[in-house]
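K.L.:
So that we are looking at the same thing, I have put the structure below in C-alpha cells.
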Amino acid sequence: MEIIRVVWLLPLLTLTACQGKSLSGTTVPNDVPTEWTFNFFTPNALPAVVTFAAILDADGKDYRFNTLNNTPDLPGVIGEWNDKDRAPGGYWNHVKRPPRHIIFCWDSIIDKKVYETHLTISKPDLEKMLRPSEYRDYRGKTAYYNRVQIGLAPEGKVAVWLQGSGSEPNYRVTPSVLQTVSGVKLDICKGVTRFSNGYEYGKDTEDFIKGKKYPYGNW
C-alpha cells in the first residue's frame with residue numbers, strides 16, 4: 001500500500017496555510033483544551049475506511065497520520081445525517097490546536113473507489129472551538145468544542161460537525177472549502193488504498209441495501 005507522496009504534499013499544505021492567518025495571537029482562557037480530536041464515521045452499513053490524513057492546525061503546525069482510528073458505521077444514521085449520533089474516540093486522531101485544513105484519503109467500500117477530500121474549517125468556527133460551550137460536560141465542568149466529527153457517505157459526500165457536549169446536539173458546520181475528487185483527479189491519494197485486490201460488500205451491507213436505491217439516502 002502506498003501511503004503518501006511527501007514531495008507533492010508539502011507544497012500543497014504550505015500553500016493552504018498561506019490562505020488563512022494563524023490564530024496564535026488569539027486570547028484564550030486558561031482552561032482551554034490541550035488537544036482537539038477528529039473522527040470519521042459512515043451511515044449504517046455503508047462502509048468506508050480513512051487511510052491517510054494531513055492536517056494544518058490553527059497555528060500552522062503540520063501533522064501527518066498514516067495510522068488512524070477506525071471508521072465506524074453508526075446504526076442510528078440511516079437515510080440522512082442527524083445532529084445526535086457521533087463516532088467514538090480513539091488513540092490516534094488528535095492535534096494540539098483546532099484543525100483548520102484537512103486533507104484525507106478514504107476507501108469508499110460502498111462506492112468501490114478511492115476519494116480524496118480537502119476541507120477547510122472557517123475562522124468563525126475555529127474561534128468557536130476556542131470558546132467555552134454554554135453547555136457543561138457530563139461531569140458538570142466547562143466544555144469546549146474540541147471534537148470534530150466527519151461523516152462519509154456514498155457519492156463521496158462529506159459532512160462536518162463540532163461535537164456537542166453532554167446532551168447538546170452536534171453543531172453542523174459549513175467548511176469554507178470542501179472538495180472531494182476521485183479517479184483521474186486524485187493527487188496525493190493516487191494509489192493509496194487498503195483494497196488493492198478490489199472491494200467486496202459484507203453481509204450486513206448486502207442485506208441493508210437490498211431493494212434500496214443508491215445512494216441509500218439524502219446526504
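Labeling convention for the C-alpha cells: chains A, B, ... as they appear, residues from 1 per chain, ligands from 1 in order of appearance.
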From a DSSP calculation on the backbone, collect every residue of range 35-150 of chain A in strand (DSSP E) and output the set as a ChimeraX atom specification.

P.N.:
/A:36-43,48-57,62-65,73-74,79-80,94-95,99-108,113-120,132-136,142-144,147-150

K.L.:
Can you list, as a ChimeraX atom specification, every protein, DNA or RNA residue that comes within 8 Å of range 151-159 of chain A when you count only C-alpha atoms, leaving out same-chain residues fewer than 4 positions away?

P.N.:
/A:40-43,46,48,108,110-111,115,172,180-181,215-216,219

K.L.:
For those residues, write C-alpha atoms to a file as an mmCIF file, in the first residue's frame.

P.N.:
data_model
loop_
_atom_site.group_PDB
_atom_site.id
_atom_site.type_symbol
_atom_site.label_atom_id
_atom_site.label_comp_id
_atom_site.auth_asym_id
_atom_site.auth_seq_id
_atom_site.Cartn_x
_atom_site.Cartn_y
_atom_site.Cartn_z
ATOM 1 C CA PHE A 40 -14.687 9.815 10.869
ATOM 2 C CA PHE A 41 -17.837 7.724 10.521
ATOM 3 C CA THR A 42 -20.282 6.463 7.901
ATOM 4 C CA PRO A 43 -24.015 5.852 7.800
ATOM 5 C CA LEU A 46 -22.388 1.928 4.106
ATOM 6 C CA ALA A 48 -15.616 3.379 4.253
ATOM 7 C CA SER A 108 -15.409 4.086 -0.033
ATOM 8 C CA ILE A 110 -19.866 1.108 -0.764
ATOM 9 C CA ASP A 111 -18.783 3.058 -3.891
ATOM 10 C CA TYR A 115 -11.745 9.506 -2.672
ATOM 11 C CA ARG A 172 -23.163 21.269 11.882
ATOM 12 C CA THR A 180 -13.835 15.648 -2.935
ATOM 13 C CA VAL A 181 -12.389 14.034 -6.060
ATOM 14 C CA PRO A 215 -27.184 6.408 -2.721
ATOM 15 C CA TYR A 216 -29.415 4.965 0.021
ATOM 16 C CA TRP A 219 -26.612 13.040 2.008
#

K.L.:
Of the candidates A:Asp83, A:Trp36, A:Lys113, A:His94, which one gets nearest to Tyr63 in chain A if we count only C-alpha atoms?

P.N.:
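Closest to Tyr63 in chain A, using only C-alpha atoms: A:His94.
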
K.L.:
Could you pull out the helix (DSSP H, G or I) residues of chain A from DSSP and send them as a VMD selection string?

P.N.:
chain A and resid 6 to 17 123 to 129 154 to 156 183 to 185 203 to 209

K.L.:
Tell me, in Å to one decimal, how far CA of Gly211 in chain A is from CA of Asn44 in chain A.

P.N.:
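Those two atoms sit 15.6 Å apart.
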
K.L.:
What's around Leu119 in chain A at 9 Å? Count only C-alpha atoms, leave out sequence neighbours fewer than 6 positions away in its own chain, and write the answer as an MDAnalysis selection string.

P.N.:
chainID A and resid 100:104 175:180

K.L.:
Restricting the calculation to only C-alpha atoms, which member of A:Val192, A:Leu186, A:Met129, A:Ala45 is positioned closest to Trp106 in chain A?

P.N.:
A:Val192

K.L.:
With only C-alpha atoms as the atoms that count, which of A:Arg86, A:Ala58, A:Val184, A:Gly79 lies nearest to Leu126 in chain A?

P.N.:
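Looking only at the distances to Leu126 in chain A, the closest residue turns out to be A:Ala58.
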
K.L.:
Quick one: contact table of range 62-156 of chain A to range 163-167 of chain A, 6 Å max, nearest atom pair and distance in Å to one decimal per residue, counting only C-alpha atoms, chain and number order, as a tab-separated table?

P.N.:
residue	atom	partner	partner_atom	distance
A:Asp137	CA	A:Gly166	CA	5.0
A:Tyr138	CA	A:Gly166	CA	5.3
A:Arg147	CA	A:Gln163	CA	5.3
A:Val148	CA	A:Gln163	CA	6.0
